[in-house]
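Shown below: target-v8.pdb, with PDB, C-alpha atoms and all ligand atoms.
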ATOM      1  CA  MET D   1      24.729  -4.563  28.902
ATOM      2  CA  THR D   2      26.237  -6.884  26.307
ATOM      3  CA  ILE D   3      24.856 -10.057  24.821
ATOM      4  CA  SER D   4      26.467 -13.428  25.389
ATOM      5  CA  ARG D   5      28.241 -15.296  22.616
ATOM      6  CA  GLU D   6      25.749 -18.178  22.997
ATOM      7  CA  THR D   7      22.787 -15.849  22.476
ATOM      8  CA  VAL D   8      24.260 -14.517  19.207
ATOM      9  CA  VAL D   9      25.110 -17.997  17.927
ATOM     10  CA  GLY D  10      21.628 -19.192  18.978
ATOM     11  CA  ALA D  11      19.977 -16.322  17.081
ATOM     12  CA  TYR D  12      21.925 -17.247  13.936
ATOM     13  CA  ARG D  13      20.781 -20.852  14.184
ATOM     14  CA  LEU D  14      17.165 -20.101  15.127
ATOM     15  CA  ILE D  15      16.450 -17.156  12.856
ATOM     16  CA  LEU D  16      18.799 -17.574   9.893
ATOM     17  CA  GLY D  17      19.203 -21.330  10.155
ATOM     18  CA  ARG D  18      22.975 -21.277   9.836
ATOM     19  CA  GLU D  19      26.262 -20.788  11.682
ATOM     20  CA  PRO D  20      27.802 -17.271  12.002
ATOM     21  CA  GLU D  21      30.275 -16.477   9.212
ATOM     22  CA  SER D  22      33.106 -15.352  11.574
ATOM     23  CA  GLU D  23      34.119 -14.566  15.154
ATOM     24  CA  ASP D  24      34.224 -10.881  14.153
ATOM     25  CA  VAL D  25      30.503 -10.717  13.365
ATOM     26  CA  ILE D  26      29.713 -12.486  16.644
ATOM     27  CA  LEU D  27      31.692  -9.816  18.498
ATOM     28  CA  GLN D  28      29.859  -7.033  16.627
ATOM     29  CA  TYR D  29      26.441  -8.448  17.567
ATOM     30  CA  MET D  30      27.532  -8.987  21.191
ATOM     31  CA  LYS D  31      27.926  -5.202  21.457
ATOM     32  CA  LEU D  32      24.191  -4.638  20.884
ATOM     33  CA  GLY D  33      22.258  -3.466  23.965
ATOM     34  CA  SER D  34      19.709  -6.285  24.304
ATOM     35  CA  ALA D  35      18.508  -9.620  22.960
ATOM     36  CA  GLU D  36      15.386  -7.820  21.596
ATOM     37  CA  GLN D  37      17.614  -5.499  19.567
ATOM     38  CA  LEU D  38      19.522  -8.514  18.277
ATOM     39  CA  ARG D  39      16.275 -10.217  17.249
ATOM     40  CA  GLU D  40      15.076  -7.066  15.442
ATOM     41  CA  GLU D  41      18.392  -6.809  13.551
ATOM     42  CA  PHE D  42      18.008 -10.401  12.360
ATOM     43  CA  LEU D  43      14.315 -10.121  11.504
ATOM     44  CA  GLN D  44      14.965  -6.988   9.429
ATOM     45  CA  SER D  45      17.999  -8.427   7.628
ATOM     46  CA  GLU D  46      17.941  -8.893   3.842
ATOM     47  CA  GLU D  47      18.827 -12.535   4.391
ATOM     48  CA  PHE D  48      15.888 -13.291   6.657
ATOM     49  CA  LEU D  49      13.369 -11.261   4.614
ATOM     50  CA  ALA D  50      14.388 -12.955   1.359
ATOM     51  CA  LYS D  51      13.994 -16.427   2.912
ATOM     52  CA  ALA D  52      10.714 -15.546   4.624
ATOM     53  CA  ALA D  53       9.257 -13.967   1.456
ATOM     54  CA  GLY D  54      10.114 -17.073  -0.548
ATOM     55  CA  ARG D  55       8.392 -19.320   2.009
ATOM     56  CA  LEU D  56       5.394 -17.022   2.319
ATOM     57  CA  PHE D  57       4.722 -16.707  -1.424
ATOM     58  CA  ASP D  58       4.924 -20.469  -1.863
ATOM     59  CA  ALA D  59       2.471 -21.181   0.969
ATOM     60  CA  PRO D  60      -1.064 -22.145  -0.136
ATOM     61  CA  GLN D  61      -2.460 -20.105   2.788
ATOM     62  CA  PHE D  62      -0.790 -16.986   1.376
ATOM     63  CA  LYS D  63      -2.044 -17.603  -2.175
ATOM     64  CA  SER D  64      -5.590 -17.970  -0.965
ATOM     65  CA  ARG D  65      -5.496 -14.824   1.271
ATOM     66  CA  TYR D  66      -3.792 -12.827  -1.492
ATOM     67  CA  LYS D  67      -6.455 -13.727  -4.063
ATOM     68  CA  GLN D  68      -9.187 -12.983  -1.540
ATOM     69  CA  ALA D  69      -7.732  -9.552  -0.817
ATOM     70  CA  LEU D  70      -7.444  -8.690  -4.517
ATOM     71  CA  THR D  71     -10.744 -10.036  -5.731
ATOM     72  CA  GLY D  72     -13.248  -8.293  -3.492
ATOM     73  CA  THR D  73     -16.099  -6.580  -5.306
ATOM     74  CA  LEU D  74     -14.907  -3.372  -6.922
ATOM     75  CA  GLN D  75     -17.698  -1.270  -5.394
ATOM     76  CA  GLY D  76     -18.466   1.724  -7.553
ATOM     77  CA  SER D  77     -15.385   1.353  -9.693
ATOM     78  CA  ALA D  78     -16.821  -0.459 -12.689
ATOM     79  CA  LEU D  79     -14.938   0.322 -15.880
ATOM     80  CA  ASN D  80     -16.797   2.651 -18.184
ATOM     81  CA  ASP D  81     -14.597   4.976 -20.155
ATOM     82  CA  PRO D  82     -11.521   4.468 -22.291
ATOM     83  CA  ASP D  83      -8.293   5.567 -20.603
ATOM     84  CA  TYR D  84      -6.652   7.879 -23.146
ATOM     85  CA  PRO D  85      -3.677   8.939 -20.975
ATOM     86  CA  TYR D  86      -2.907   5.255 -20.329
ATOM     87  CA  VAL D  87      -2.222   4.790 -24.055
ATOM     88  CA  GLY D  88      -0.229   8.030 -24.253
ATOM     89  CA  ILE D  89      -2.969  10.397 -25.443
ATOM     90  CA  GLU D  90      -2.929  13.338 -23.051
ATOM     91  CA  GLU D  91      -5.362  15.605 -24.894
ATOM     92  CA  VAL D  92      -8.670  13.782 -24.760
ATOM     93  CA  PRO D  93     -10.486  14.531 -28.007
ATOM     94  CA  GLY D  94     -13.904  16.113 -27.826
ATOM     95  CA  THR D  95     -15.423  14.409 -30.849
ATOM     96  CA  ASP D  96     -17.915  11.573 -31.113
ATOM     97  CA  ASP D  97     -17.052  10.917 -34.746
ATOM     98  CA  PHE D  98     -14.791   7.875 -35.051
ATOM     99  CA  PHE D  99     -13.320   8.870 -38.419
ATOM    100  CA  GLU D 100     -12.558  12.412 -37.194
ATOM    101  CA  LEU D 101     -10.842  10.839 -34.180
ATOM    102  CA  PHE D 102      -8.948   8.474 -36.470
ATOM    103  CA  ASP D 103      -7.678  11.370 -38.631
ATOM    104  CA  SER D 104      -6.702  13.689 -35.810
ATOM    105  CA  VAL D 105      -5.486  11.360 -33.048
ATOM    106  CA  PHE D 106      -4.830   7.812 -34.220
ATOM    107  CA  ALA D 107      -3.479   8.244 -37.772
ATOM    108  CA  PRO D 108      -0.400  10.344 -36.804
ATOM    109  CA  ARG D 109       0.547   7.742 -34.182
ATOM    110  CA  LEU D 110       0.267   4.865 -36.656
ATOM    111  CA  MET D 111       2.542   6.353 -39.316
ATOM    112  CA  GLY D 112       5.824   4.881 -38.007
ATOM    113  CA  THR D 113       8.113   2.458 -39.828
ATOM    114  CA  LYS D 114       5.419  -0.210 -39.766
ATOM    115  CA  ASN D 115       2.882   2.327 -41.039
ATOM    116  CA  ARG D 116      -0.395   0.668 -40.120
ATOM    117  CA  GLU D 117      -2.347   3.835 -40.922
ATOM    118  CA  PRO D 118      -3.514   2.827 -44.427
ATOM    119  CA  GLY D 119      -4.386  -0.742 -43.377
ATOM    120  CA  PHE D 120      -6.467   0.339 -40.398
ATOM    121  CA  ARG D 121      -8.116   3.120 -42.406
ATOM    122  CA  ARG D 122      -9.146   0.744 -45.214
ATOM    123  CA  MET D 123     -10.377  -1.829 -42.715
ATOM    124  CA  PHE D 124     -12.536   0.654 -40.782
ATOM    125  CA  GLU D 125     -13.918   2.232 -43.961
ATOM    126  CA  ALA D 126     -14.903  -1.197 -45.284
ATOM    127  CA  LEU D 127     -16.583  -2.004 -41.971
ATOM    128  CA  ARG D 128     -18.538   1.259 -42.046
ATOM    129  CA  ASP D 129     -19.518   0.595 -45.672
ATOM    130  CA  LEU D 130     -21.202  -2.659 -44.619
ATOM    131  CA  GLY D 131     -23.849  -0.299 -43.219
ATOM    132  CA  LEU D 132     -24.649  -2.405 -40.143
ATOM    133  CA  GLN D 133     -25.943  -1.126 -36.813
ATOM    134  CA  ARG D 134     -24.050  -3.645 -34.688
ATOM    135  CA  PRO D 135     -21.376  -5.470 -36.653
ATOM    136  CA  LEU D 136     -19.550  -8.307 -34.908
ATOM    137  CA  ILE D 137     -15.814  -7.703 -34.448
ATOM    138  CA  LEU D 138     -13.414 -10.384 -33.212
ATOM    139  CA  GLU D 139      -9.756  -9.920 -32.394
ATOM    140  CA  SER D 140      -6.981 -12.307 -31.389
ATOM    141  CA  GLY D 141      -4.055 -10.795 -29.475
ATOM    142  CA  CYS D 142      -5.007  -7.743 -27.456
ATOM    143  CA  LEU D 143      -3.218  -4.535 -26.527
ATOM    144  CA  ARG D 144      -0.392  -5.592 -24.227
ATOM    145  CA  VAL D 145       1.937  -2.573 -23.972
ATOM    146  CA  PRO D 146       0.033   0.678 -23.409
ATOM    147  CA  GLY D 147       1.101   3.496 -25.733
ATOM    148  CA  ASN D 148       3.024   1.197 -28.089
ATOM    149  CA  TRP D 149       1.482   2.680 -31.241
ATOM    150  CA  ALA D 150       4.519   2.240 -33.486
ATOM    151  CA  GLY D 151       5.393  -1.274 -32.291
ATOM    152  CA  ASP D 152       2.196  -3.274 -31.764
ATOM    153  CA  GLY D 153      -0.429  -0.822 -33.044
ATOM    154  CA  GLN D 154      -2.898  -0.577 -30.109
ATOM    155  CA  SER D 155      -5.511  -2.328 -32.240
ATOM    156  CA  THR D 156      -7.754  -3.120 -29.250
ATOM    157  CA  PHE D 157      -7.994   0.563 -28.342
ATOM    158  CA  LEU D 158      -8.894   1.436 -31.958
ATOM    159  CA  LEU D 159     -11.501  -1.313 -32.182
ATOM    160  CA  ASP D 160     -12.931  -0.261 -28.814
ATOM    161  CA  ALA D 161     -13.258   3.319 -30.100
ATOM    162  CA  TYR D 162     -15.036   2.051 -33.226
ATOM    163  CA  ALA D 163     -17.391  -0.139 -31.183
ATOM    164  CA  ARG D 164     -18.169   2.737 -28.816
ATOM    165  CA  LEU D 165     -18.680   5.464 -31.379
ATOM    166  CA  GLU D 166     -20.032   3.652 -34.447
ATOM    167  CA  GLY D 167     -21.663   0.741 -32.605
ATOM    168  CA  ALA D 168     -20.412  -2.862 -32.671
ATOM    169  CA  ASP D 169     -20.151  -6.017 -30.582
ATOM    170  CA  PHE D 170     -16.433  -6.422 -29.965
ATOM    171  CA  PHE D 171     -14.629  -9.411 -28.429
ATOM    172  CA  SER D 172     -10.859  -9.642 -28.045
ATOM    173  CA  VAL D 173      -9.053 -12.802 -26.916
ATOM    174  CA  ASP D 174      -5.622 -13.201 -25.333
ATOM    175  CA  ASN D 175      -4.085 -16.038 -23.335
ATOM    176  CA  ASN D 176      -1.802 -13.803 -21.267
ATOM    177  CA  PRO D 177      -3.329 -12.203 -18.134
ATOM    178  CA  GLU D 178      -0.881  -9.294 -18.395
ATOM    179  CA  SER D 179      -2.132  -8.391 -21.884
ATOM    180  CA  VAL D 180      -5.765  -8.705 -20.828
ATOM    181  CA  ASP D 181      -5.001  -6.493 -17.834
ATOM    182  CA  SER D 182      -3.562  -3.748 -20.103
ATOM    183  CA  ALA D 183      -6.467  -3.958 -22.521
ATOM    184  CA  ARG D 184      -9.036  -3.911 -19.697
ATOM    185  CA  ARG D 185      -7.554  -0.722 -18.332
ATOM    186  CA  ALA D 186      -7.233   0.956 -21.756
ATOM    187  CA  CYS D 187     -10.639   0.103 -23.190
ATOM    188  CA  SER D 188     -14.192   1.019 -22.343
ATOM    189  CA  ASP D 189     -16.746  -1.495 -21.104
ATOM    190  CA  ARG D 190     -17.950  -1.784 -24.693
ATOM    191  CA  THR D 191     -15.088  -4.243 -25.224
ATOM    192  CA  GLN D 192     -15.446  -7.852 -24.071
ATOM    193  CA  LEU D 193     -12.115  -9.427 -23.160
ATOM    194  CA  ILE D 194     -11.595 -13.175 -23.023
ATOM    195  CA  LEU D 195      -8.595 -14.691 -21.256
ATOM    196  CA  ASN D 196      -8.000 -17.899 -23.165
ATOM    197  CA  ASP D 197      -6.238 -19.455 -26.101
ATOM    198  CA  SER D 198      -7.612 -17.790 -29.227
ATOM    199  CA  VAL D 199      -8.352 -21.033 -31.088
ATOM    200  CA  ALA D 200     -10.336 -22.457 -28.162
ATOM    201  CA  ALA D 201     -12.254 -19.196 -27.726
ATOM    202  CA  PHE D 202     -13.017 -18.871 -31.458
ATOM    203  CA  ILE D 203     -14.383 -22.421 -31.600
ATOM    204  CA  THR D 204     -16.810 -21.562 -28.783
ATOM    205  CA  ILE D 205     -17.772 -18.189 -30.265
ATOM    206  CA  ALA D 206     -18.408 -19.832 -33.646
ATOM    207  CA  SER D 207     -20.636 -22.359 -31.941
ATOM    208  CA  ILE D 208     -22.705 -19.896 -29.857
ATOM    209  CA  CYS D 209     -22.978 -17.355 -32.699
ATOM    210  CA  GLN D 210     -24.226 -19.891 -35.267
ATOM    211  CA  GLY D 211     -26.101 -18.104 -38.020
ATOM    212  CA  ARG D 212     -24.254 -14.811 -37.484
ATOM    213  CA  ARG D 213     -21.436 -13.434 -39.613
ATOM    214  CA  VAL D 214     -18.162 -12.141 -38.194
ATOM    215  CA  ASP D 215     -18.012  -8.764 -39.901
ATOM    216  CA  LEU D 216     -14.429  -7.917 -38.975
ATOM    217  CA  LEU D 217     -11.754 -10.410 -37.962
ATOM    218  CA  TYR D 218      -8.477  -8.881 -36.748
ATOM    219  CA  LEU D 219      -5.738 -11.484 -36.213
ATOM    220  CA  ASP D 220      -2.600 -10.528 -34.283
ATOM    221  CA  SER D 221      -1.735 -13.112 -31.609
ATOM    222  CA  PHE D 222       1.208 -15.593 -31.583
ATOM    223  CA  ASP D 223       4.303 -13.396 -32.123
ATOM    224  CA  LEU D 224       6.082 -13.695 -35.447
ATOM    225  CA  ASP D 225       9.688 -14.892 -35.374
ATOM    226  CA  PRO D 226      11.166 -13.633 -38.669
ATOM    227  CA  ASP D 227      13.721 -16.487 -38.585
ATOM    228  CA  ASP D 228      10.995 -19.110 -38.116
ATOM    229  CA  PRO D 229       7.627 -17.718 -39.233
ATOM    230  CA  ALA D 230       5.884 -21.098 -39.610
ATOM    231  CA  PRO D 231       4.590 -21.554 -36.003
ATOM    232  CA  SER D 232       2.986 -18.108 -36.000
ATOM    233  CA  ALA D 233       1.500 -18.563 -39.494
ATOM    234  CA  ALA D 234       0.151 -21.986 -38.459
ATOM    235  CA  HIS D 235      -1.467 -20.594 -35.299
ATOM    236  CA  HIS D 236      -3.189 -17.813 -37.246
ATOM    237  CA  ALA D 237      -4.417 -20.347 -39.804
ATOM    238  CA  ARG D 238      -5.884 -22.414 -36.937
ATOM    239  CA  GLU D 239      -7.632 -19.291 -35.619
ATOM    240  CA  PHE D 240      -9.112 -18.727 -39.073
ATOM    241  CA  GLU D 241     -10.360 -22.309 -39.342
ATOM    242  CA  ALA D 242     -11.836 -22.097 -35.813
ATOM    243  CA  ILE D 243     -13.963 -19.080 -36.719
ATOM    244  CA  ARG D 244     -14.541 -20.180 -40.355
ATOM    245  CA  PRO D 245     -18.273 -20.972 -39.782
ATOM    246  CA  LEU D 246     -18.854 -17.233 -39.180
ATOM    247  CA  VAL D 247     -16.777 -16.104 -42.195
ATOM    248  CA  LYS D 248     -19.287 -15.265 -44.915
ATOM    249  CA  SER D 249     -19.704 -13.010 -47.902
ATOM    250  CA  GLY D 250     -18.788  -9.479 -46.734
ATOM    251  CA  THR D 251     -16.462 -10.545 -43.866
ATOM    252  CA  ILE D 252     -13.377  -8.334 -43.596
ATOM    253  CA  ILE D 253     -10.190 -10.071 -42.459
ATOM    254  CA  CYS D 254      -7.061  -8.219 -41.387
ATOM    255  CA  VAL D 255      -3.807  -9.946 -40.444
ATOM    256  CA  ASP D 256      -1.041  -7.917 -38.814
ATOM    257  CA  ASP D 257       2.707  -8.384 -39.466
ATOM    258  CA  PHE D 258       2.149  -9.481 -43.057
ATOM    259  CA  ARG D 259       4.991  -7.671 -44.856
ATOM    260  CA  VAL D 260       7.841  -7.507 -42.364
ATOM    261  CA  GLY D 261      11.107  -6.285 -43.879
ATOM    262  CA  ASP D 262      11.762  -8.502 -46.883
ATOM    263  CA  MET D 263       9.347 -11.186 -45.670
ATOM    264  CA  VAL D 264       5.953 -11.430 -47.333
ATOM    265  CA  GLY D 265       3.240 -13.448 -45.596
ATOM    266  CA  GLY D 266       4.360 -13.386 -41.962
ATOM    267  CA  LYS D 267       1.443 -14.154 -39.645
ATOM    268  CA  GLY D 268      -0.848 -14.424 -42.666
ATOM    269  CA  ALA D 269       1.215 -16.707 -44.932
ATOM    270  CA  LEU D 270      -1.262 -19.614 -44.727
ATOM    271  CA  ILE D 271      -4.390 -17.481 -44.488
ATOM    272  CA  GLU D 272      -3.389 -15.815 -47.743
ATOM    273  CA  ALA D 273      -3.650 -19.158 -49.542
ATOM    274  CA  ARG D 274      -7.149 -19.635 -48.066
ATOM    275  CA  MET D 275      -8.123 -16.146 -49.180
ATOM    276  CA  ARG D 276      -6.959 -16.942 -52.712
ATOM    277  CA  GLU D 277      -8.986 -20.155 -52.746
ATOM    278  CA  MET D 278     -12.014 -18.171 -51.594
ATOM    279  CA  ASN D 279     -11.307 -15.528 -54.249
ATOM    280  CA  ALA D 280     -11.419 -12.826 -51.549
ATOM    281  CA  HIS D 281     -11.009  -9.215 -52.613
ATOM    282  CA  VAL D 282      -7.707  -7.631 -51.450
ATOM    283  CA  LEU D 283      -8.478  -4.293 -49.778
ATOM    284  CA  HIS D 284      -4.952  -3.511 -48.623
ATOM    285  CA  ASP D 285      -1.518  -5.108 -48.932
ATOM    286  CA  GLY D 286       1.152  -3.572 -46.700
ATOM    287  CA  TYR D 287       2.433  -4.138 -43.181
ATOM    288  CA  GLN D 288      -1.071  -5.488 -42.604
ATOM    289  CA  LYS D 289      -3.062  -7.364 -45.201
ATOM    290  CA  VAL D 290      -6.795  -6.814 -45.478
ATOM    291  CA  TRP D 291      -9.236  -8.948 -47.470
ATOM    292  CA  GLN D 292     -12.984  -8.964 -47.910
ATOM    293  CA  VAL D 293     -14.818 -12.176 -48.729
ATOM    294  CA  ARG D 294     -16.871 -11.850 -51.943
TER
HETATM  295  C1  LIG H 301       1.484  -8.592 -30.907
HETATM  296  S1  LIG H 301       0.603  -8.751 -29.408
HETATM  297  C2  LIG H 301      -0.948  -8.082 -29.801
HETATM  298  C3  LIG H 301      -0.852  -6.600 -30.009
HETATM  299  C4  LIG H 301      -2.178  -5.905 -30.183
HETATM  300  N1  LIG H 301      -2.949  -6.459 -31.273
HETATM  301  C5  LIG H 301      -1.942  -4.426 -30.406
HETATM  302  O1  LIG H 301      -2.161  -3.938 -31.514
HETATM  303  O2  LIG H 301      -1.531  -3.743 -29.462
HETATM  304  C6  LIG H 301       0.352 -10.463 -29.357
HETATM  305  C7  LIG H 301      -0.533 -10.947 -28.217
HETATM  306  O3  LIG H 301      -0.978 -12.265 -28.564
HETATM  307  C8  LIG H 301      -1.085 -13.019 -27.380
HETATM  308  N2  LIG H 301      -1.053 -14.460 -27.732
HETATM  309  C9  LIG H 301       0.000 -15.221 -28.089
HETATM  310  N3  LIG H 301      -0.393 -16.491 -28.307
HETATM  311  C10 LIG H 301      -1.728 -16.534 -28.080
HETATM  312  C11 LIG H 301      -2.718 -17.563 -28.119
HETATM  313  N4  LIG H 301      -2.405 -18.810 -28.434
HETATM  314  N5  LIG H 301      -3.994 -17.238 -27.819
HETATM  315  C12 LIG H 301      -4.332 -15.973 -27.480
HETATM  316  N6  LIG H 301      -3.432 -14.949 -27.427
HETATM  317  C13 LIG H 301      -2.157 -15.232 -27.715
HETATM  318  C14 LIG H 301       0.077 -12.550 -26.526
HETATM  319  O4  LIG H 301      -0.191 -12.798 -25.175
HETATM  320  C15 LIG H 301       0.137 -11.060 -26.861
HETATM  321  O5  LIG H 301      -0.565 -10.287 -25.914
END

What would the structure in this file look like if it were written as structure tokens?
Amino acid sequence: MTISRETVVGAYRLILGREPESEDVILQYMKLGSAEQLREEFLQSEEFLAKAAGRLFDAPQFKSRYKQALTGTLQGSALNDPDYPYVGIEEVPGTDDFFELFDSVFAPRLMGTKNREPGFRRMFEALRDLGLQRPLILESGCLRVPGNWAGDGQSTFLLDAYARLEGADFFSVDNNPESVDSARRACSDRTQLILNDSVAAFITIASICQGRRVDLLYLDSFDLDPDDPAPSAAHHAREFEAIRPLVKSGTIICVDDFRVGDMVGGKGALIEARMREMNAHVLHDGYQKVWQVR
């Protein structure tokens, strides 16, 4: 049995919404055994699926069903433990001592071109030396690319390990859901992640934590453009001013991407001036800059 010319042309118009490209293709489709086979061919075609997918994803009904399907309660799968393999650490260390972990696992991974090892080490030692049971740690810009030790630094994973093993309240803020998603998967439930603009979140944290001190402030959000560093430096300065009410004597402040190639200041160019005004003590000056308020 063959299919009539009209049926093929009708299928083009009804299913693909256009005229056939040539008489040859009409003849090819006419050779199919049945109209059902013809319909299946059209419904499975790249052209139809691409159009249908576009329509489906744009439909409000789809968006609502999709969110519903993905946001059911995660029964029994609450996050608890850090995911070491996710950040490229296959051998899960058997120690509960943060500084032992830092020496054996984290330090070798931080010693790339950017060499954040000394900055992180100084920052964590200073935090420990504050001698607090539950210091408050705030971060802007969370772990976005898992395993990117040499590039971004995996600061959120390090801070999570500190909070878990030494004890701390740790909040990290990022305005990109993809970054928050990576950090959520990498870190333990000791870490509180906030999906929002860092300045807005810091203003609220400063207001609800009135009377407390931020013990460690790690700033690494708005990416630095070496050809135009001002927007990034300005954003980090705004973050600092937003959390300023919690910056007190003893607060440790670390800004990433400070000395980048020949550039000095980077993300911290404006914060450095504030630190000078406040006569803060410089703990480290390298790829990262670390200060402690006197
Ligand atoms: C360099 S990455 C952070 C890397 C991370 N600290 C690490 O060591 O792996 C910068 C992050 O800042 C976030 N970001 C950029 N602008 C922001 C803003 N205004 N508020 C909050 N986060 C922001 C980006 O989404 C990105 O995830």

### Task
Collect all residues with atoms no farther than 7 Å from ligand LIG 301 (chain H), counting all atoms listed in the file, and output them as a PyMOL selection string.
chain D and resi 140-145+148+152-156+173-176+179+196-199+220-223

### Query
Mind pulling up the distance from atom CA of D:Asn115 to atom CA of D:Asp160?
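Computed distance, atom CA of D:Asp160 to atom CA of D:Asn115, equals 20.2 Å.
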
### Message
Set the distance at 9 Å and use only C-alpha atoms: which residues neighbour D:Leu136 once local chain neighbours fewer than 3 positions away are removed? I'd like the list as a PyMOL selection string.
### Response
chain D and resi 168-171+212-217

### Task
Between D:Gly17, D:Gly131, D:Pro146, D:Gly88, single out the one closest to D:Ala52, counting all atoms listed in the file.
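Smallest separation from D:Ala52 among the options: D:Gly17.
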
Within 9 Å of stretch 247-265 of chain D, which residues of stretch 46-127 of chain D show up? Give each one with its shortest atom-to-atom distance in Å (one decimal) and the two atoms involved, counting all atoms listed in the file, rows by chain then rising residue number, as CSV.
residue,atom,partner,partner_atom,distance
D:Lys114,CA,D:Val260,CA,8.1
D:Arg116,CA,D:Asp256,CA,8.7
D:Gly119,CA,D:Cys254,CA,8.2
D:Phe120,CA,D:Cys254,CA,8.6
D:Met123,CA,D:Ile252,CA,7.2
D:Ala126,CA,D:Ile252,CA,7.5
D:Leu127,CA,D:Ile252,CA,7.3

### Query
What is the atom CA of D:Val293 to atom CA of D:Ile243 distance in Å?
13.9 Å

### Protein and nucleic acid residues near (-16.2, -19.2, -34.3) (cut-off 10 Å, all atoms listed in the file) as a PyMOL selection string
chain D and resi 138+199-210+212-214+239-247

### Query
In Å, with one decimal, what is the gap from atom CA of D:Phe99 to atom CA of D:Ala280?
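Atom CA of D:Ala280 lies at a distance of 25.4 Å from atom CA of D:Phe99.
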
Step by step, gather every atom of stretch 157-161 of chain D that the file lists, find the box along x, y and z that holds them, add 8 Å on each side, and finally give centre and edge lengths in Å to one decimal, as AutoDock Vina command-line options.
--center_x -10.6 --center_y 1.0 --center_z -30.3 --size_x 21.3 --size_y 20.6 --size_z 19.8

### Task
Using the chain letters and residue numbers of this document, give as number ranges by chain the residues selected by the PyMOL selection byres (((chain D and resi 163) around 10) and not hetatm).
D: 98, 134-137, 157-162, 164-170, 188, 190-191
